[in-house]
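Note sheet for the following structure.
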Amino acid sequence: MRWWARRRLRTKIFLPFSGLILATLLSTLWLINSAVSNQLESNLRAKLMVTGEIFRGLVSERARRLTADTLLLAADFALKRAIATYDPETLATVAVNYRERVDLDLLWITDESGTLLAAAGGHQPAGRDIGSLPPLQGAIAQGREAAALSEVDGVLFVFVAVPVFAPDPIGYLVAGSAIDDDTAAALEKQTGSAVTFATATQLFASSWPRPERVALFPAGRLGDEALRRGDKVTFLVPFRNERLLSLLVPIESTLNAPLFALMQESYDRALQPLYALRRRVALIGAVALVGALVVGALLAGGIAAPLQTLVGAMRDVLAGNLHRRTDVRRDDEIGFLARSFNEMVAGLEEREAIKDTFGRFVSREVAAAVLDGGTALGGERREVTILFQDVRGFTSLAEHAEPDALVHLVNRLMTEMVAAVEGEGGTIRQFTGDGVMALFGAPVRHSDDPERAVRAALAMVERLPRLNRDLATEGFAALRIGIGIHTGDVVVGKIGPDERVEYSVVGDAVNLAGRIEGLTKEMQAVILVSGETAARLGPAFRFGRRDVVAIRGKDQPVEVVEVLAPGDAEGGLVQS
Amino acid sequence: MLVQRFGFFGTLTLIVLAAAIGRAAEIRGRVTDPQGKGIADAVVFVQAVPAGAVPFAAQPTAVMDQVHKEFIPHVLPVVVGTQVSFPNHDQIHHHVYSFSRTRTFEIPLYKGEQAAPVLFDKVGAVKLGCNIHDWMSAVILVVPTPYFAVTAADGAFTIAAVPPGTYSLAAWHEGSKEKVEDTAKSVQLGPGNADVSFTLSVVPRPVRVPIHGLRSFE
């Protein structure tokens, strides 16, 4: 699994793909193979069985014909007279004559007790008692014809024995038709199956030519393997470079050992069509496999290559190169991924640029406005309302508080102050340690920026008691703040050296706003706005004291107006 | 040759006849098939003896032998009135018979020469067989005159010692499709020899096919 996990995507796509195809191919081959070979084997087996049946039929037909012929011969009066001579020499010629007459392999004439008088065919001497030969024994016992499959001098015969009546039996005719190599060859010609007649101790005849016969039956009898298999079961006999499907068919005979016809046919030759089919399927499969592998490789490459490009690009981005883009041009999911990546990095880059420009303290709203509205970030003169907020008595607080607690306190305060500014769409321009400087009207302009600034100031004041309550529980003294607001023309834009460029404001109005904030201490006021700001406020605001004060660095005195919070008493702060 | 064909007495008769006539001549010729190939074992004979011819001096005799389970000869022409004996020179029995209309007889299973001769007193073909050996066959052709001959392998024949005169000659063969009467030819025999030829269409005699039994067994 670890090995697999480490593989590249191309390998991960390619390997299962080709493995699947290979598995499909192999299983198809296997299926074809087993189905066809089973079918062929069963066909072949049926054929061998039929051959066996044909042989049985042949034996019984021969016995029938032989019986009919011999019955006719036995009824011949001339034969009866000839037998009546009991002259072996005459009878020998008579036997030859009669054998020729009905085309027998063997014709013997015996007397009424089964003693051989004359023989046409065979090596049995006249005078021998052959009364124990199965068909003759039966014929003598029953006084009528009898047939049997038996063996004489190593040759298998269909024998019939027929009594010669005059009118009592005066002798017997024993006729034989050999089951020999010719029979086997004829059977093979008829059925296509090689045939061998044999017992466990002797091979009688076969359609196999001599050399093959010697090779197949070295012991001159049925092999132990075949005998062990028994009949009705096919088995394969390896022979030379092929296999022979073999079947033993038992043949009823009067031999001491069970006689079998061994039917054999080349299994591999029968399977030739299958082999041809298999070769073709394999060839098609191989071509398909190669094709599939090529397609798979291309496909895997087509997926992996752009992904690798993306991974490379991603690494670059991780390393900080936000200018990196991919040039994967596709319309599919990968193309979408690449485009998304490009857009994402572009977004990151832009955001980074904005962050670089505005610092961290730009409200989402402002950032969105800048991004969406394409607000010019270049230098520009415009009217901006500037808000300065400060904590009263922060210096002494800073001296007495623990540093950690102090940072905590400032952070809490700043959170509230920033929330108040952002709540009105202002931009935090700067933190001054215990206060903030916020801009309204830059970089995003609203029609009511002065009112927004004052509302932000009111919101700051409004948030303070809750904060103070929290601080009180933590052991801090209540904070008090002062806020100064002024509206005036300033230059806004990205100001500063390349690396540290900031969105900033430059102008006298900024200084004046700071001065007005400073005045809150002297005037014991919470919110002071300049006359310019006050002039831009609607009727919703309540004003307190008005004054005209001289400001350091200003030729003209400046009008300042106190803005009252909703809970402030009218003029309640004027006592100073 | 003559003795074998006609028997001792037959030959003697011929010689006596020839001597009596004194100026006898020969009738020669060939019997061929339509393609000109000689036909063996055909019999050419004089159908009638002219008036005034000398009658037979003695009862003629002939022999149909049995050797190696065959009749010898295969074709035996005899003049009508001939006694034919059937000696069996095999060591086994034979059973000679004929069911021909010309002469029906039977010599049941016998050995040696004890069988009595058979008289053939009617003109015609007598086909012989052996009751226990199917392949044995022969023909005794009983002809009306002592002037006859059997063709040799090349179809040639010679009828010797025929007195001059005009004769009707006929040819017979066992397998001929023609009737003997239809083959008749008239021959004018003067002081010299006469030549006459016959053309017969003959069905060949079936050859005995040896049994094709078991080679391994025989």
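To be explicit about the labels: the chains of the structure tokens are called A, B, and onward in the order shown, and within each one the residues are counted from 1, while ligands get numbers from 1 in the order they are shown.
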
Practice item. Find the residues around Arg339 in chain A up to 12 Å (only C-alpha atoms counted), leave out those fewer than 6 positions away in its own chain, and share them as a PyMOL selection string. Key: chain A and resi 306+310+325-333+345-347

Taking only C-alpha atoms into account, produce a table as JSON lines in which each residue of chain A with an atom at most 12 Å from an atom of chain B appears once, together with its shortest atom pair and the distance in Å to one decimal, ordered by chain and rising number.
{"residue": "A:Leu73", "atom": "CA", "partner": "B:Ile132", "partner_atom": "CA", "distance": 11.6}
{"residue": "A:Asp76", "atom": "CA", "partner": "B:Ile132", "partner_atom": "CA", "distance": 9.9}
{"residue": "A:Phe77", "atom": "CA", "partner": "B:Asn131", "partner_atom": "CA", "distance": 9.5}
{"residue": "A:Ala78", "atom": "CA", "partner": "B:Asn131", "partner_atom": "CA", "distance": 6.1}
{"residue": "A:Leu79", "atom": "CA", "partner": "B:Ile132", "partner_atom": "CA", "distance": 7.0}
{"residue": "A:Lys80", "atom": "CA", "partner": "B:Ile132", "partner_atom": "CA", "distance": 10.1}
{"residue": "A:Arg81", "atom": "CA", "partner": "B:Leu109", "partner_atom": "CA", "distance": 8.0}
{"residue": "A:Ala82", "atom": "CA", "partner": "B:Ile132", "partner_atom": "CA", "distance": 7.2}
{"residue": "A:Ile83", "atom": "CA", "partner": "B:Ile132", "partner_atom": "CA", "distance": 10.4}
{"residue": "A:Ala84", "atom": "CA", "partner": "B:Leu109", "partner_atom": "CA", "distance": 10.1}
{"residue": "A:Thr85", "atom": "CA", "partner": "B:Leu109", "partner_atom": "CA", "distance": 8.2}
{"residue": "A:Tyr86", "atom": "CA", "partner": "B:His93", "partner_atom": "CA", "distance": 10.7}
{"residue": "A:Asp87", "atom": "CA", "partner": "B:Ile92", "partner_atom": "CA", "distance": 7.8}
{"residue": "A:Pro88", "atom": "CA", "partner": "B:Ile92", "partner_atom": "CA", "distance": 8.6}
{"residue": "A:Glu89", "atom": "CA", "partner": "B:Ile92", "partner_atom": "CA", "distance": 5.8}
{"residue": "A:Thr90", "atom": "CA", "partner": "B:Ile92", "partner_atom": "CA", "distance": 4.6}
{"residue": "A:Leu91", "atom": "CA", "partner": "B:Ile92", "partner_atom": "CA", "distance": 8.3}
{"residue": "A:Ala92", "atom": "CA", "partner": "B:Ile92", "partner_atom": "CA", "distance": 9.1}
{"residue": "A:Thr93", "atom": "CA", "partner": "B:His133", "partner_atom": "CA", "distance": 7.3}
{"residue": "A:Val94", "atom": "CA", "partner": "B:Ile132", "partner_atom": "CA", "distance": 5.8}
{"residue": "A:Ala95", "atom": "CA", "partner": "B:Ile132", "partner_atom": "CA", "distance": 9.2}
{"residue": "A:Val96", "atom": "CA", "partner": "B:His133", "partner_atom": "CA", "distance": 8.7}
{"residue": "A:Asn97", "atom": "CA", "partner": "B:His133", "partner_atom": "CA", "distance": 5.7}
{"residue": "A:Tyr98", "atom": "CA", "partner": "B:His133", "partner_atom": "CA", "distance": 8.3}
{"residue": "A:Arg99", "atom": "CA", "partner": "B:Ile211", "partner_atom": "CA", "distance": 8.2}
{"residue": "A:Glu100", "atom": "CA", "partner": "B:Ile211", "partner_atom": "CA", "distance": 6.0}
{"residue": "A:Arg101", "atom": "CA", "partner": "B:Asp134", "partner_atom": "CA", "distance": 7.9}
{"residue": "A:Val102", "atom": "CA", "partner": "B:Ile211", "partner_atom": "CA", "distance": 10.1}
{"residue": "A:Asp103", "atom": "CA", "partner": "B:Ile211", "partner_atom": "CA", "distance": 7.0}
{"residue": "A:Leu104", "atom": "CA", "partner": "B:Gly213", "partner_atom": "CA", "distance": 7.0}
{"residue": "A:Asp105", "atom": "CA", "partner": "B:Gly213", "partner_atom": "CA", "distance": 4.8}
{"residue": "A:Leu106", "atom": "CA", "partner": "B:Gly213", "partner_atom": "CA", "distance": 7.8}
{"residue": "A:Leu107", "atom": "CA", "partner": "B:Gly213", "partner_atom": "CA", "distance": 10.9}
{"residue": "A:Ala119", "atom": "CA", "partner": "B:Glu218", "partner_atom": "CA", "distance": 11.2}
{"residue": "A:Ala120", "atom": "CA", "partner": "B:Glu218", "partner_atom": "CA", "distance": 9.1}
{"residue": "A:Gly121", "atom": "CA", "partner": "B:Glu218", "partner_atom": "CA", "distance": 5.9}
{"residue": "A:Gly122", "atom": "CA", "partner": "B:Phe217", "partner_atom": "CA", "distance": 6.1}
{"residue": "A:His123", "atom": "CA", "partner": "B:Glu218", "partner_atom": "CA", "distance": 8.0}
{"residue": "A:Gln124", "atom": "CA", "partner": "B:Glu218", "partner_atom": "CA", "distance": 11.3}
{"residue": "A:Glu151", "atom": "CA", "partner": "B:Phe217", "partner_atom": "CA", "distance": 11.8}
{"residue": "A:Val152", "atom": "CA", "partner": "B:Phe217", "partner_atom": "CA", "distance": 9.5}
{"residue": "A:Asp153", "atom": "CA", "partner": "B:Phe217", "partner_atom": "CA", "distance": 8.1}
{"residue": "A:Gly154", "atom": "CA", "partner": "B:Phe217", "partner_atom": "CA", "distance": 9.0}
{"residue": "A:Val155", "atom": "CA", "partner": "B:Phe217", "partner_atom": "CA", "distance": 7.5}
{"residue": "A:Leu156", "atom": "CA", "partner": "B:Phe217", "partner_atom": "CA", "distance": 10.4}
{"residue": "A:Phe157", "atom": "CA", "partner": "B:Leu214", "partner_atom": "CA", "distance": 11.0}
{"residue": "A:Gly176", "atom": "CA", "partner": "B:Gly213", "partner_atom": "CA", "distance": 10.5}
{"residue": "A:Ser177", "atom": "CA", "partner": "B:Gly213", "partner_atom": "CA", "distance": 9.1}
{"residue": "A:Ala178", "atom": "CA", "partner": "B:Leu214", "partner_atom": "CA", "distance": 7.5}
{"residue": "A:Ile179", "atom": "CA", "partner": "B:Leu214", "partner_atom": "CA", "distance": 10.0}
{"residue": "A:Asp180", "atom": "CA", "partner": "B:Leu214", "partner_atom": "CA", "distance": 8.2}
{"residue": "A:Asp181", "atom": "CA", "partner": "B:Ser216", "partner_atom": "CA", "distance": 9.6}
{"residue": "A:Asp182", "atom": "CA", "partner": "B:Leu214", "partner_atom": "CA", "distance": 9.3}
{"residue": "A:Thr183", "atom": "CA", "partner": "B:Leu214", "partner_atom": "CA", "distance": 11.1}
{"residue": "A:Phe204", "atom": "CA", "partner": "B:Ser216", "partner_atom": "CA", "distance": 11.3}
{"residue": "A:Ala205", "atom": "CA", "partner": "B:Ser216", "partner_atom": "CA", "distance": 10.8}

Check your understanding: Near Thr51 in chain A, within 12 Å and counting only C-alpha atoms, which residues show up once chain neighbours fewer than 6 positions away are dropped, as a ChimeraX atom specification?
Key -> /A:44-45,57-58,184,186-196,246-249,261-265

**Study point:** Ala160 in chain B environment, 7 Å, only C-alpha atoms, sequence neighbours closer than 6 positions dropped, as a PyMOL selection string
**Key:** chain B and resi 25-27

Exercise for review: Pick out the residues sitting within 6 Å of Pro77 in chain B, and hand them over as a list of chain:residue names; count only C-alpha atoms, and ignore anything fewer than 5 positions along from it in its own chain.
Suggested key: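 Listing them by chain and then by number gives B:Ile140, B:Leu141, B:Val142.
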
Check your understanding: Please, what distance in Å, to one decimal, runs between CA of Ser27 in chain A and CA of Thr11 in chain A?
Key -> 23.4 Å

Point to revise | Nearby residues (only C-alpha atoms) at most 12 Å from Val311 in chain A, same-chain spacing under 4 positions excluded, as a list in words | key: Leu9, Ala304, Ala305, Pro306, Leu307, Arg315, Asp316, Val317, Leu318, Arg324, Arg325, Thr326, Leu337, Ala338 and Phe341 of chain A

Resulting file, chosen residues, N, CA and C atoms, as a short mmCIF file (atom, residue, chain, number, x, y, z; two decimals), in the first residue's frame:
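Output file result15.cif follows:
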data_model
loop_
_atom_site.label_atom_id
_atom_site.label_comp_id
_atom_site.auth_asym_id
_atom_site.auth_seq_id
_atom_site.Cartn_x
_atom_site.Cartn_y
_atom_site.Cartn_z
N LEU A 9 0.61 9.53 -10.30
CA LEU A 9 -0.78 9.45 -10.75
C LEU A 9 -0.88 8.68 -12.07
N ALA A 304 -2.33 13.32 -16.05
CA ALA A 304 -1.23 13.55 -15.12
C ALA A 304 -0.40 14.77 -15.50
N ALA A 305 -0.17 14.94 -16.81
CA ALA A 305 0.73 16.02 -17.22
C ALA A 305 0.22 17.40 -16.77
N PRO A 306 -1.03 17.75 -17.09
CA PRO A 306 -1.51 19.06 -16.63
C PRO A 306 -1.55 19.14 -15.12
N LEU A 307 -1.85 17.96 -14.47
CA LEU A 307 -1.86 17.99 -13.01
C LEU A 307 -0.47 18.29 -12.48
N ARG A 315 3.44 24.67 -6.22
CA ARG A 315 4.68 24.81 -5.43
C ARG A 315 5.23 26.23 -5.53
N ASP A 316 5.20 26.74 -6.75
CA ASP A 316 5.69 28.11 -6.94
C ASP A 316 4.89 29.09 -6.09
N VAL A 317 3.57 28.89 -6.11
CA VAL A 317 2.70 29.78 -5.36
C VAL A 317 3.00 29.67 -3.87
N LEU A 318 3.18 28.37 -3.44
CA LEU A 318 3.51 28.16 -2.03
C LEU A 318 4.81 28.87 -1.67
N ARG A 324 2.60 33.41 -10.72
CA ARG A 324 2.58 32.13 -11.45
C ARG A 324 1.18 31.86 -11.99
N ARG A 325 1.14 31.48 -13.28
CA ARG A 325 -0.14 31.04 -13.87
C ARG A 325 0.13 29.76 -14.66
N THR A 326 -0.88 28.97 -14.85
CA THR A 326 -0.72 27.78 -15.70
C THR A 326 -1.31 28.09 -17.06
N LEU A 337 -10.08 23.14 -13.58
CA LEU A 337 -9.20 23.19 -12.41
C LEU A 337 -8.08 24.20 -12.64
N ALA A 338 -7.49 24.14 -13.84
CA ALA A 338 -6.38 25.04 -14.15
C ALA A 338 -6.86 26.50 -14.14
N PHE A 341 -7.47 27.53 -10.71
CA PHE A 341 -6.19 27.77 -10.06
C PHE A 341 -5.68 29.18 -10.42
#

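Between CA of Arg469 in chain A and CA of Val418 in chain A lies a distance of 18.9 Å.
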
Check your understanding: Contacts of Pro206 in chain B at 12 Å or less, counting only C-alpha atoms, minus same-chain residues fewer than 5 places along, as a list of chain:residue names?
Key ->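 Once the adjacent positions are removed, what remains is B:Trp135, B:Met136, B:Ser137, B:Glu174, B:Gly175.
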
I need the residues from that last selection saved to file as a CSV table (one decimal), in the first residue's frame (with C-alpha atoms), if you can.
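Output file part.csv is given in full below:
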chain,number,residue,atom,x,y,z
B,135,TRP,CA,-14.8,-75.0,-58.7
B,136,MET,CA,-14.5,-78.3,-60.7
B,137,SER,CA,-16.1,-78.1,-64.1
B,174,GLU,CA,-18.3,-73.2,-73.9
B,175,GLY,CA,-18.7,-69.5,-73.6
